[in-house]
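To start, the structure under review is shown below, and the notes come after it.
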Amino acid sequence: MDISACKPHKNSTFVPVAGLSFFAIASGFLMSLIPLSLASFGMDNSLVAWLASIFYLGILVGTSCIQTIVAKLGHRFSLILFLALLTLTIAAMLVMPTAKVWLAARFIAGFAVAGVFVVVESWLLMADSAKQRAKRLGLYMTSLYGGSALGQLAIGPLGVNGVTPFLWVIGLLMLAILPPLLIKKGQPESLEHKKISLREVRKISLPAVIGCLVSGMLLGPIYGLMPSYINGQFDSTEQTAFLMAVIILGGMLVQPLVSYLSTRIGKSLLMALFCLLGTIGIVGIADGSSIAFITVSYFLLGASCFALYPIAISLACETMALEKIVAATELMLLSYSVGSVFGPVIAEHSSTSAHSLITYLAVVLLTTSIYMLIKSVQNTRSGHTPAIG
């Protein structure tokens, strides 16, 4: 299938990063707003896990047809389309606040968000070297997580009840549309872009695929269920917003370190170490007696969970030809989405304990750490270089 891709020297980072930043602020606010606002719209709190899962199901479905849309419209118009579609889903939720409409809207929102991610990632990842890709991916992740952390802090002053907070989200998304709408230069130049063949899929690093899958299994529940879990522990909307911001801030601040280490340490080993760090964070959350210690633990959890996806996707794209980067990012997003769809439901129903969510996160982090350590040892014995992991 042909698709618009880009030549590195024609590829500007300003438009996708500027649009992504406003999108991230809106998404960060919306992430906690949806589960915390259900009661004000007369809906049951049991809907939280299903709203999270169906959102990621929309992302999963979206990964199968985004290539066709980008091929016809190009990166710039595709970004405008996906952001506008996401804005319309929020408007629909306000006009018809019922469980069925919200579930349908979140499914469509997932499709739109998948489009935003693939367009922006492929826009930025088309670079001449692994070092440039790591640098751009670090910029992408920092903008995404920094905006998300900032969005969390809006919960305090704007609240979670009624229509007004959602109108702020719509306003932010409209601001996100402005950079690609007004700036026409810097769009990726059209090239023939090829799909990845089945033979090439088999050659993609298994730790890269597993890393994206596990990233979804961790971030799906963190985005969808963690606000309700924290609110249940502290019974404070402000405390919930603060700790959610701390989680995402950890993910943002670790990105420069990820970019630095990913070209110097085997990526399987690097993912193993971050998963181990996340397990330590979970222990701190469960056993912490002071708010300072708990805050540090949530920071470590965020740093570990948000580090996995950029490491995994850079590992997958390491040996990929330039014209196949979009297909590779779609494949990795597909793996991420599968984990994100099942993660919230498994976490919600794996135990009747009030701490079922953090127990689930601990099990996933620890088992992944062990798996990545084993793969790292195997790579070392087989003579792979550290950068390949």
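Note on naming: chains are A, B, ... as they come in the structure tokens, residues start from 1 per chain, ligands start from 1 in the order shown.
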
Which segment 92-135 of chain A residues have any atom within 6 Å of an atom of segment 49-55 of chain A, and for each, what is the nearest pair of atoms with distance in Å to one decimal, counting only C-alpha atoms, rows sorted by chain and number, as CSV?
residue,atom,partner,partner_atom,distance
A:Leu103,CA,A:Leu51,CA,5.8
A:Arg106,CA,A:Phe55,CA,4.9
A:Phe107,CA,A:Phe55,CA,4.7
A:Gly110,CA,A:Phe55,CA,4.6

Could the residues in this selection be written to a file with C-alpha atoms, as a PDB file, in the first residue's frame?
ATOM      1  CA  LEU A 103     -19.078   3.985  25.391  1.00  0.00           C
ATOM      2  CA  ARG A 106     -14.905   6.645  23.708  1.00  0.00           C
ATOM      3  CA  PHE A 107     -14.559   3.935  21.052  1.00  0.00           C
ATOM      4  CA  GLY A 110      -9.774   5.767  20.609  1.00  0.00           C
TER       5      GLY A 110
END

Counting only C-alpha atoms, what is within 6 Å of Leu365 of chain A, bar same-chain residues fewer than 2 positions away, as a ChimeraX atom specification?
-> /A:275,279,362-363,367-368

Determine, counting only C-alpha atoms, which protein, DNA and RNA residues have an atom within 6 Å of an atom of segment 311-319 of chain A; residues of the same chain fewer than 4 positions away are not included. Present the result as a list in words.
-> Ile204, Ala208, Gly211 and Cys212 of chain A

File dump, residues just selected, C-alpha atoms, as a PDB file, in the first residue's frame:
ATOM      1  CA  ILE A 204      11.012  -7.631  14.327  1.00  0.00           C
ATOM      2  CA  ALA A 208      10.073  -4.854  21.146  1.00  0.00           C
ATOM      3  CA  GLY A 211       7.565  -4.190  25.416  1.00  0.00           C
ATOM      4  CA  CYS A 212       4.760  -2.381  23.580  1.00  0.00           C
TER       5      CYS A 212
END

Please provide the set of residues having any atom within 12 Å of Ser27 of chain A, restricted to only C-alpha atoms, with same-chain residues fewer than 5 positions apart removed, written as a PyMOL selection string.
-> chain A and resi 20-22+32-34+83+86-87+90+109-110+113+116+144-152+154+166+168-173+176+223-224+248

Extract the full set of helix (DSSP H, G or I) residues from segment 90-338 of chain A according to DSSP on the backbone, and format it as a ChimeraX atom specification.
-> /A:90-95,99-125,130-152,155-158,164-182,198-203,206-224,226-234,237-253,255-261,267-287,291-317,322-338

Tell me which protein, DNA and RNA residues are within 7 Å of Leu153 of chain A, counting only C-alpha atoms, leaving out same-chain ones fewer than 4 positions away, and put them as a PyMOL selection string.
-> chain A and resi 149+241-242+245

Would you mind exporting N, CA and C atoms of the selected residues as a PDB file, in the first residue's frame?
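Just written: again.pdb:
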ATOM      1  N   ALA A 149       0.778  15.723  32.261  1.00  0.00           N
ATOM      2  CA  ALA A 149       0.950  16.090  33.670  1.00  0.00           C
ATOM      3  C   ALA A 149       0.333  17.450  33.953  1.00  0.00           C
ATOM      4  N   ALA A 241      -5.496  14.477  41.668  1.00  0.00           N
ATOM      5  CA  ALA A 241      -4.892  15.226  40.564  1.00  0.00           C
ATOM      6  C   ALA A 241      -3.388  15.348  40.750  1.00  0.00           C
ATOM      7  N   PHE A 242      -2.957  15.607  41.990  1.00  0.00           N
ATOM      8  CA  PHE A 242      -1.537  15.781  42.274  1.00  0.00           C
ATOM      9  C   PHE A 242      -0.751  14.495  41.997  1.00  0.00           C
ATOM     10  N   ALA A 245      -0.567  13.623  38.370  1.00  0.00           N
ATOM     11  CA  ALA A 245       0.424  14.486  37.722  1.00  0.00           C
ATOM     12  C   ALA A 245       1.834  14.005  38.032  1.00  0.00           C
TER      13      ALA A 245
END

Who sits within 10 Å of Leu308 of chain A, only C-alpha atoms, same chain under 2 positions skipped, as a ChimeraX atom specification = /A:208,210-216,218,251,258,267-268,270-272,274-275,303-306,310-313

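Going from atom CA of Met217 of chain A over to atom CA of Gly28 of chain A, you cover 18.3 Å.
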
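With only C-alpha atoms as the atoms that count, the residue of A:Gly284, A:Gly343, A:Pro227, A:Gly302 with the shortest distance to Phe29 of chain A is A:Pro227.
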
How far is it from atom CA of Leu137 of chain A to atom CA of Met332 of chain A, in Å with one decimal?
->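 If I compute the distance from atom CA of Leu137 of chain A to atom CA of Met332 of chain A, I get 14.1 Å.
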
The residue from A:Leu225, A:Ala292, A:Leu300, A:Met141 with the smallest atom-to-atom distance to Val48 of chain A, counting only C-alpha atoms, is A:Leu225

Exercise: Glu121 of chain A partners within 8 Å, only C-alpha atoms, chain neighbours under 3 positions left out, as a ChimeraX atom specification = /A:117-118,124-125,137,140,329

Residue with smallest distance to Val15 of chain A - pool A:Phe77, A:Tyr309, A:Tyr298, A:Phe342, counting only C-alpha atoms |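 Of the candidates, the smallest distance to Val15 of chain A is held by A:Phe77.
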
Taking only C-alpha atoms into account, which of A:Leu269, A:Ala112, A:Met31, A:Leu60 comes nearest Pro221 of chain A?
->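 For Pro221 of chain A, the nearest of the candidates is A:Met31.
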
note - atom CA of Ile346 of chain A and atom CA of Asn45 of chain A are separated by 16.7 Å

Given only C-alpha atoms as the counted atoms, nearest of A:Ala91, A:Leu333, A:Met244, A:Ile25 to Phe111 of chain A |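 Among the listed residues, A:Leu333 lies closest to Phe111 of chain A.
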
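Ranking A:Leu85, A:Leu94, A:Val101, A:Val345 by their shortest atom-to-atom distance to Ile222 of chain A, with only C-alpha atoms included, puts A:Val345 first.
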